[in-house]
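Contents: one structure, followed by commentary.
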Amino acid sequence: MKTTFGRIAVIVAFSSACLVAQVVPAHAQIRGLYAPGMTATNSGVLPGAGLSYQALFQPYSFDEAKGPDGGHLPGSEKTSVVVDQNIFLWVSTKTILGGTYAAMADLAVANTSLTSVRFGALATASGFGDSYYSPLTLGWSRPRGDFQASYGFMAPTGRFDAGSTDNTGSGYWGNFLSGGQTVYITADKGTAVSAYEVYEFHGTQKDTDVHPGQTFDLDYSVTQMLPLTRDKHTLLQVGLVGYGQYQTTATDRPVTIGLDPRYKVNALGATAGVVLPTRKVNVNVKYFKEFSNEATVEGHSLQIAAGVTF
């Protein structure tokens, strides 16, 4: 049952108009809104008809700041952001253009601002963050592949006050176009290659008039499904995963001083999960280590997900 939950271009990660404690240039954009890596596996798959729920726990830890050329910036310390997402996905029995129609909502809670990744800053805030909604998702299932496309938007429902250290939101709207593909290398669908693409269009941030640059996100994986029982009612999925996040346009600001470098994020890692097809339950863990980043922070992330279809 894949987390199309994930295919939420949703969602929550780190915004763009933020500082990395004074070690990243003040006009640098840090991250996009989508939480990279969350849809790296089974990217094109929709769960069966009905309501699904997924709890997704994502601790991000950063211990280095990178300049526009990828070089290490002095003054880096360790900081972290924890995001707890509650994802509701409804898959219908109706079709549009031959694809199954679905809609979803992602309600996030964070221990600190989702839009500020600042070294040395204390996690003084917690509460409801920005929320993501997709009124239109279409999924197509074929013998050797599953595919989906969707439109969604991020609403600035989290607390935001320009210059504050206790924000839990970004302060601006986002629109997302996304697509997911899972191609099965073997006829039994045991070996799969998946990719998920998101393009983020950002609105203007409240009270700052900053218009963050657009972002392209890419999740991907190669996985193998292994039966743990003879009746195949318990399956183990393992594999390699990765993600990239790239700023594609410059950030517009009321006053621009000097260069405004565009960030690049790269990560590779591993995944393992257990799927119970007859019970419509899955549990999954992903670990990512970032490398060769530019104009942003660099670290690692752990993503723990549990989902069920009712």
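Every chain in the structure tokens has a letter given in the order shown (A, B, ...), and although residue numbers restart at 1 in each chain, ligands are simply numbered from 1 in the order shown.
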
With only C-alpha atoms as the counted atoms, please give the residues lying no more than 10 Å from Lys66 (chain A), apart from itself and same-chain residues fewer than 2 positions off, as a CSV table (one decimal) with all heavy atoms, in the first residue's frame.
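The result, written out as part26.csv:
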```csv
chain,number,residue,atom,x,y,z
A,20,VAL,N,20.9,30.7,7.9
A,20,VAL,CA,21.5,29.6,8.7
A,20,VAL,C,22.5,30.2,9.6
A,20,VAL,O,23.6,30.4,9.4
A,20,VAL,CB,22.2,28.6,7.8
A,20,VAL,CG1,22.8,27.5,8.5
A,20,VAL,CG2,21.3,28.2,6.7
A,23,VAL,N,26.0,32.0,9.2
A,23,VAL,CA,27.1,31.4,8.5
A,23,VAL,C,26.7,31.2,7.0
A,23,VAL,O,27.6,31.1,6.2
A,23,VAL,CB,27.4,30.0,9.1
A,23,VAL,CG1,28.0,30.2,10.5
A,23,VAL,CG2,26.3,29.1,9.1
A,24,VAL,N,25.5,31.1,6.7
A,24,VAL,CA,25.0,31.2,5.3
A,24,VAL,C,24.7,32.6,5.0
A,24,VAL,O,24.1,33.3,5.8
A,24,VAL,CB,23.8,30.3,5.1
A,24,VAL,CG1,23.2,30.5,3.7
A,24,VAL,CG2,24.2,28.8,5.2
A,64,GLU,N,26.4,21.0,9.4
A,64,GLU,CA,27.4,21.7,8.5
A,64,GLU,C,26.6,22.7,7.7
A,64,GLU,O,25.5,22.4,7.2
A,64,GLU,CB,28.1,20.7,7.7
A,64,GLU,CG,29.3,21.4,6.9
A,64,GLU,CD,30.2,20.3,6.3
A,64,GLU,OE1,29.8,19.1,6.3
A,64,GLU,OE2,31.2,20.7,5.7
A,68,PRO,N,27.9,28.7,-1.5
A,68,PRO,CA,27.5,28.6,-2.9
A,68,PRO,C,28.3,27.6,-3.8
A,68,PRO,O,27.8,27.1,-4.7
A,68,PRO,CB,27.5,30.0,-3.5
A,68,PRO,CG,27.4,30.9,-2.2
A,68,PRO,CD,28.1,30.1,-1.2
A,69,ASP,N,29.6,27.5,-3.4
A,69,ASP,CA,30.5,26.6,-4.2
A,69,ASP,C,30.6,25.3,-3.5
A,69,ASP,O,31.4,24.4,-4.0
A,69,ASP,CB,31.9,27.3,-4.2
A,69,ASP,CG,32.5,27.5,-2.9
A,69,ASP,OD1,31.8,27.3,-1.8
A,69,ASP,OD2,33.7,27.9,-2.8
A,70,GLY,N,29.8,25.0,-2.5
A,70,GLY,CA,29.8,23.7,-1.9
A,70,GLY,C,30.9,23.6,-0.7
A,70,GLY,O,31.0,22.5,-0.1
A,71,GLY,N,31.6,24.7,-0.5
A,71,GLY,CA,32.6,24.6,0.5
A,71,GLY,C,32.0,24.8,1.9
A,71,GLY,O,31.0,25.4,2.1
A,72,HIS,N,32.8,24.3,2.9
A,72,HIS,CA,32.3,24.4,4.3
A,72,HIS,C,32.4,25.8,4.8
A,72,HIS,O,33.4,26.5,4.6
A,72,HIS,CB,33.2,23.5,5.2
A,72,HIS,CG,33.0,23.6,6.6
A,72,HIS,ND1,31.9,23.1,7.3
A,72,HIS,CD2,33.7,24.3,7.6
A,72,HIS,CE1,31.9,23.4,8.6
A,72,HIS,NE2,33.0,24.1,8.8
A,73,LEU,N,31.4,26.3,5.5
A,73,LEU,CA,31.4,27.6,6.1
A,73,LEU,C,31.7,27.5,7.6
A,73,LEU,O,31.1,26.6,8.3
A,73,LEU,CB,30.0,28.3,5.9
A,73,LEU,CG,29.6,28.6,4.5
A,73,LEU,CD1,28.2,29.2,4.5
A,73,LEU,CD2,30.6,29.5,3.8
A,74,PRO,N,32.6,28.3,8.1
A,74,PRO,CA,33.0,28.2,9.5
A,74,PRO,C,31.8,28.7,10.4
A,74,PRO,O,30.9,29.4,10.0
A,74,PRO,CB,34.1,29.2,9.6
A,74,PRO,CG,33.9,30.2,8.5
A,74,PRO,CD,33.3,29.4,7.4
A,76,SER,N,29.7,26.5,11.9
A,76,SER,CA,28.6,25.6,11.9
A,76,SER,C,28.5,24.9,13.3
A,76,SER,O,29.5,24.5,13.9
A,76,SER,CB,28.8,24.5,10.8
A,76,SER,OG,28.8,25.1,9.6
A,263,TYR,N,20.2,27.0,-3.9
A,263,TYR,CA,20.7,25.8,-3.1
A,263,TYR,C,20.6,24.5,-4.0
A,263,TYR,O,19.7,24.4,-4.9
A,263,TYR,CB,19.9,25.7,-1.8
A,263,TYR,CG,18.4,25.5,-2.0
A,263,TYR,CD1,17.9,24.2,-2.3
A,263,TYR,CD2,17.5,26.5,-1.8
A,263,TYR,CE1,16.6,24.0,-2.5
A,263,TYR,CE2,16.2,26.3,-2.0
A,263,TYR,CZ,15.7,25.1,-2.3
A,263,TYR,OH,14.4,24.9,-2.5
A,264,LYS,N,21.4,23.6,-3.6
A,264,LYS,CA,21.3,22.2,-4.2
A,264,LYS,C,21.5,21.2,-3.0
A,264,LYS,O,22.4,21.4,-2.2
A,264,LYS,CB,22.5,22.0,-5.2
A,264,LYS,CG,22.4,22.9,-6.4
A,264,LYS,CD,23.5,22.6,-7.4
A,264,LYS,CE,23.4,23.5,-8.7
A,264,LYS,NZ,24.5,23.2,-9.6
A,292,SER,N,27.5,16.9,-0.9
A,292,SER,CA,27.7,17.8,-2.0
A,292,SER,C,26.7,18.9,-2.1
A,292,SER,O,26.3,19.3,-3.2
A,292,SER,CB,27.8,17.0,-3.4
A,292,SER,OG,28.9,16.1,-3.3
A,293,ASN,N,26.1,19.3,-1.0
A,293,ASN,CA,25.1,20.4,-1.0
A,293,ASN,C,25.8,21.7,-1.3
A,293,ASN,O,27.0,21.9,-1.1
A,293,ASN,CB,24.4,20.5,0.4
A,293,ASN,CG,23.5,19.3,0.6
A,293,ASN,OD1,23.4,18.4,-0.2
A,293,ASN,ND2,22.8,19.3,1.8
A,294,GLU,N,25.0,22.7,-1.7
A,294,GLU,CA,25.5,24.0,-2.0
A,294,GLU,C,24.5,25.0,-1.5
A,294,GLU,O,23.3,24.9,-1.6
A,294,GLU,CB,25.7,24.2,-3.5
A,294,GLU,CG,26.7,23.3,-4.1
A,294,GLU,CD,26.9,23.5,-5.6
A,294,GLU,OE1,26.3,24.5,-6.1
A,294,GLU,OE2,27.6,22.8,-6.3
A,295,ALA,N,25.0,26.1,-0.9
A,295,ALA,CA,24.2,27.2,-0.4
A,295,ALA,C,23.0,26.8,0.5
A,295,ALA,O,21.9,27.3,0.5
A,295,ALA,CB,23.6,28.0,-1.6
A,296,THR,N,23.3,25.8,1.4
A,296,THR,CA,22.3,25.3,2.4
A,296,THR,C,23.0,24.6,3.5
A,296,THR,O,24.2,24.5,3.5
A,296,THR,CB,21.3,24.4,1.7
A,296,THR,OG1,20.2,24.1,2.6
A,296,THR,CG2,21.9,23.2,1.1
A,297,VAL,N,22.2,24.0,4.4
A,297,VAL,CA,22.8,23.2,5.4
A,297,VAL,C,22.9,21.8,4.9
A,297,VAL,O,22.3,21.4,3.9
A,297,VAL,CB,21.9,23.2,6.7
A,297,VAL,CG1,21.9,24.6,7.4
A,297,VAL,CG2,20.4,22.8,6.3
A,298,GLU,N,23.7,21.0,5.6
A,298,GLU,CA,23.9,19.6,5.2
A,298,GLU,C,23.9,18.7,6.5
A,298,GLU,O,24.5,19.0,7.5
A,298,GLU,CB,25.3,19.4,4.5
A,298,GLU,CG,25.5,18.0,3.9
A,298,GLU,CD,26.8,18.0,3.1
A,298,GLU,OE1,26.8,18.6,2.0
A,298,GLU,OE2,27.8,17.4,3.5
```

Which neighbours of region 85-91 of chain A fall inside 7 Å, counting only C-alpha atoms, when residues of the same chain fewer than 2 positions from it are skipped, and could you give them as JSON, numbers by chain?
-> {"A": [5, 48, 49, 50, 51, 52, 53, 54, 55, 56, 57, 83, 93, 101, 102, 103, 104, 105, 106, 107, 108, 109]}

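Of the listed residues A:Phe153, A:Phe160, A:Trp173, A:Tyr60, the one whose atoms come nearest to Gly37 (chain A) is A:Tyr60, with distances taken using only C-alpha atoms.
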
Can you pull out every residue within 12 Å of region 142-146 of chain A, counting only C-alpha atoms, but drop anything in the same chain fewer than 2 positions away, and send it as a PyMOL selection string?
-> chain A and resi 1-2+4+41-47+98-100+138-140+148-149+179-196

Could you turn the residues from that selection into a file that holds N, CA, C and O atoms, as a short mmCIF file (atom, residue, chain, number, x, y, z; two decimals), in the first residue's frame?
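In the end it all went to result_8.cif:
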```
data_model
loop_
_atom_site.label_atom_id
_atom_site.label_comp_id
_atom_site.auth_asym_id
_atom_site.auth_seq_id
_atom_site.Cartn_x
_atom_site.Cartn_y
_atom_site.Cartn_z
N MET A 1 0.86 -1.17 0.00
CA MET A 1 0.00 0.00 0.00
C MET A 1 0.88 1.20 0.00
O MET A 1 1.06 1.69 0.87
N LYS A 2 1.43 1.72 -0.70
CA LYS A 2 2.43 2.75 -0.56
C LYS A 2 1.85 4.00 0.02
O LYS A 2 0.73 4.34 -0.16
N THR A 4 1.05 7.11 -0.37
CA THR A 4 0.80 8.17 -1.32
C THR A 4 0.54 9.31 -0.49
O THR A 4 0.21 10.37 -0.91
N THR A 41 10.02 5.51 -2.26
CA THR A 41 9.68 4.12 -2.59
C THR A 41 8.22 4.01 -3.02
O THR A 41 7.36 4.76 -2.55
N ASN A 42 7.96 3.08 -3.92
CA ASN A 42 6.59 2.83 -4.41
C ASN A 42 5.93 4.12 -4.87
O ASN A 42 4.75 4.38 -4.60
N SER A 43 6.67 4.94 -5.57
CA SER A 43 6.27 6.32 -5.85
C SER A 43 5.02 6.44 -6.71
O SER A 43 4.32 7.46 -6.63
N GLY A 44 4.74 5.47 -7.54
CA GLY A 44 3.58 5.57 -8.42
C GLY A 44 2.35 4.85 -7.92
O GLY A 44 1.30 4.87 -8.57
N VAL A 45 2.42 4.22 -6.76
CA VAL A 45 1.37 3.31 -6.30
C VAL A 45 0.35 4.02 -5.41
O VAL A 45 0.71 4.71 -4.46
N LEU A 46 -0.92 3.86 -5.73
CA LEU A 46 -2.00 4.27 -4.85
C LEU A 46 -2.48 3.07 -4.04
O LEU A 46 -2.54 1.96 -4.57
N PRO A 47 -2.85 3.24 -2.76
CA PRO A 47 -3.43 2.13 -2.00
C PRO A 47 -4.82 1.81 -2.54
O PRO A 47 -5.35 2.51 -3.42
N GLY A 98 -9.19 7.65 -17.28
CA GLY A 98 -8.67 6.30 -17.09
C GLY A 98 -7.90 6.09 -15.81
O GLY A 98 -7.44 4.98 -15.52
N GLY A 99 -7.76 7.15 -14.99
CA GLY A 99 -7.02 7.03 -13.74
C GLY A 99 -7.92 7.09 -12.52
O GLY A 99 -8.93 7.80 -12.51
N THR A 100 -7.56 6.36 -11.50
CA THR A 100 -8.32 6.35 -10.25
C THR A 100 -8.18 7.69 -9.54
O THR A 100 -7.07 8.21 -9.37
N LEU A 138 -4.54 11.45 -9.60
CA LEU A 138 -4.98 10.38 -10.50
C LEU A 138 -3.91 9.30 -10.54
O LEU A 138 -2.71 9.60 -10.64
N GLY A 139 -4.34 8.03 -10.45
CA GLY A 139 -3.40 6.92 -10.47
C GLY A 139 -3.77 5.89 -11.52
O GLY A 139 -4.95 5.57 -11.70
N TRP A 140 -2.75 5.40 -12.23
CA TRP A 140 -2.95 4.38 -13.27
C TRP A 140 -2.12 3.16 -12.92
O TRP A 140 -0.92 3.28 -12.64
N GLN A 148 1.22 7.95 -11.24
CA GLN A 148 0.26 8.90 -10.70
C GLN A 148 0.69 10.32 -10.98
O GLN A 148 1.88 10.59 -11.22
N ALA A 149 -0.27 11.22 -10.98
CA ALA A 149 -0.02 12.65 -11.15
C ALA A 149 -0.96 13.39 -10.23
O ALA A 149 -2.09 12.96 -9.99
N GLY A 179 4.50 14.07 -9.94
CA GLY A 179 4.27 12.82 -10.67
C GLY A 179 5.08 11.71 -10.05
O GLY A 179 6.19 11.93 -9.55
N GLY A 180 4.53 10.50 -10.05
CA GLY A 180 5.23 9.35 -9.48
C GLY A 180 5.19 8.17 -10.43
O GLY A 180 4.19 7.94 -11.12
N GLN A 181 6.30 7.42 -10.48
CA GLN A 181 6.39 6.26 -11.36
C GLN A 181 7.05 5.11 -10.62
O GLN A 181 8.07 5.29 -9.94
N THR A 182 6.47 3.93 -10.72
CA THR A 182 7.08 2.70 -10.22
C THR A 182 7.05 1.68 -11.34
O THR A 182 5.97 1.29 -11.81
N VAL A 183 8.21 1.27 -11.80
CA VAL A 183 8.34 0.30 -12.89
C VAL A 183 8.86 -1.01 -12.31
O VAL A 183 9.86 -1.02 -11.56
N TYR A 184 8.20 -2.12 -12.64
CA TYR A 184 8.57 -3.42 -12.10
C TYR A 184 9.49 -4.15 -13.08
O TYR A 184 9.12 -4.42 -14.23
N ILE A 185 10.67 -4.47 -12.61
CA ILE A 185 11.67 -5.13 -13.44
C ILE A 185 11.31 -6.60 -13.66
O ILE A 185 11.58 -7.17 -14.71
N THR A 186 10.69 -7.21 -12.66
CA THR A 186 10.31 -8.61 -12.76
C THR A 186 8.79 -8.75 -12.83
O THR A 186 8.04 -7.89 -12.35
N ALA A 187 8.33 -9.83 -13.44
CA ALA A 187 6.90 -10.03 -13.65
C ALA A 187 6.13 -10.15 -12.33
O ALA A 187 4.94 -9.81 -12.28
N ASP A 188 6.77 -10.64 -11.28
CA ASP A 188 6.09 -10.78 -9.99
C ASP A 188 6.09 -9.48 -9.18
O ASP A 188 5.66 -9.47 -8.03
N LYS A 189 6.60 -8.41 -9.76
CA LYS A 189 6.66 -7.07 -9.15
C LYS A 189 7.57 -7.03 -7.92
O LYS A 189 7.47 -6.11 -7.11
N GLY A 190 8.45 -8.00 -7.81
CA GLY A 190 9.34 -8.03 -6.65
C GLY A 190 10.43 -6.98 -6.71
O GLY A 190 10.79 -6.38 -5.69
N THR A 191 10.99 -6.76 -7.89
CA THR A 191 12.06 -5.78 -8.08
C THR A 191 11.48 -4.54 -8.75
O THR A 191 10.85 -4.64 -9.81
N ALA A 192 11.68 -3.38 -8.13
CA ALA A 192 11.04 -2.17 -8.64
C ALA A 192 12.01 -1.00 -8.64
O ALA A 192 12.88 -0.89 -7.78
N VAL A 193 11.83 -0.12 -9.63
CA VAL A 193 12.54 1.15 -9.70
C VAL A 193 11.50 2.25 -9.64
O VAL A 193 10.52 2.25 -10.39
N SER A 194 11.66 3.20 -8.70
CA SER A 194 10.67 4.25 -8.50
C SER A 194 11.30 5.63 -8.59
O SER A 194 12.48 5.82 -8.27
N ALA A 195 10.49 6.60 -9.02
CA ALA A 195 10.91 8.00 -9.04
C ALA A 195 9.70 8.87 -8.75
O ALA A 195 8.57 8.52 -9.13
N TYR A 196 9.94 9.99 -8.07
CA TYR A 196 8.87 10.92 -7.74
C TYR A 196 9.39 12.34 -7.93
O TYR A 196 10.46 12.69 -7.42
#
```

What's around Val285 (chain A) at 9 Å? Count only C-alpha atoms, leave out sequence neighbours fewer than 6 positions away in its own chain, and write the answer as a JSON list (two decimals) with N, CA and C atoms, in the first residue's frame.
```json
[["chain", "number", "residue", "atom", "x", "y", "z"],
["A", 270, "ALA", "N", 19.32, 4.16, 2.62],
["A", 270, "ALA", "CA", 18.76, 2.81, 2.55],
["A", 270, "ALA", "C", 17.38, 2.79, 3.18],
["A", 271, "THR", "N", 16.59, 1.77, 2.82],
["A", 271, "THR", "CA", 15.24, 1.64, 3.35],
["A", 271, "THR", "C", 14.94, 0.18, 3.68],
["A", 272, "ALA", "N", 14.07, -0.03, 4.64],
["A", 272, "ALA", "CA", 13.57, -1.36, 4.98],
["A", 272, "ALA", "C", 12.16, -1.19, 5.52],
["A", 273, "GLY", "N", 11.27, -2.09, 5.10],
["A", 273, "GLY", "CA", 9.89, -2.00, 5.56],
["A", 273, "GLY", "C", 9.19, -3.33, 5.51],
["A", 302, "LEU", "N", 16.12, 10.78, 9.21],
["A", 302, "LEU", "CA", 15.51, 9.48, 9.45],
["A", 302, "LEU", "C", 14.01, 9.64, 9.29],
["A", 303, "GLN", "N", 13.39, 8.76, 8.52],
["A", 303, "GLN", "CA", 11.96, 8.85, 8.27],
["A", 303, "GLN", "C", 11.30, 7.52, 8.65],
["A", 304, "ILE", "N", 10.38, 7.60, 9.61],
["A", 304, "ILE", "CA", 9.71, 6.40, 10.12],
["A", 304, "ILE", "C", 8.22, 6.56, 9.83],
["A", 305, "ALA", "N", 7.64, 5.59, 9.10],
["A", 305, "ALA", "CA", 6.24, 5.70, 8.68],
["A", 305, "ALA", "C", 5.48, 4.43, 9.02],
["A", 306, "ALA", "N", 4.22, 4.60, 9.39],
["A", 306, "ALA", "CA", 3.31, 3.48, 9.62],
["A", 306, "ALA", "C", 1.96, 3.86, 9.04]]
```

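Comparing A:Phe147, A:Gly299, A:Leu97, A:Asn284 by their smallest distance to Thr79 (chain A), the closest is A:Gly299 (using only C-alpha atoms).
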
What is the CA of Lys94 (chain A) to CA of Gly307 (chain A) distance in Å?
-> 22.7 Å
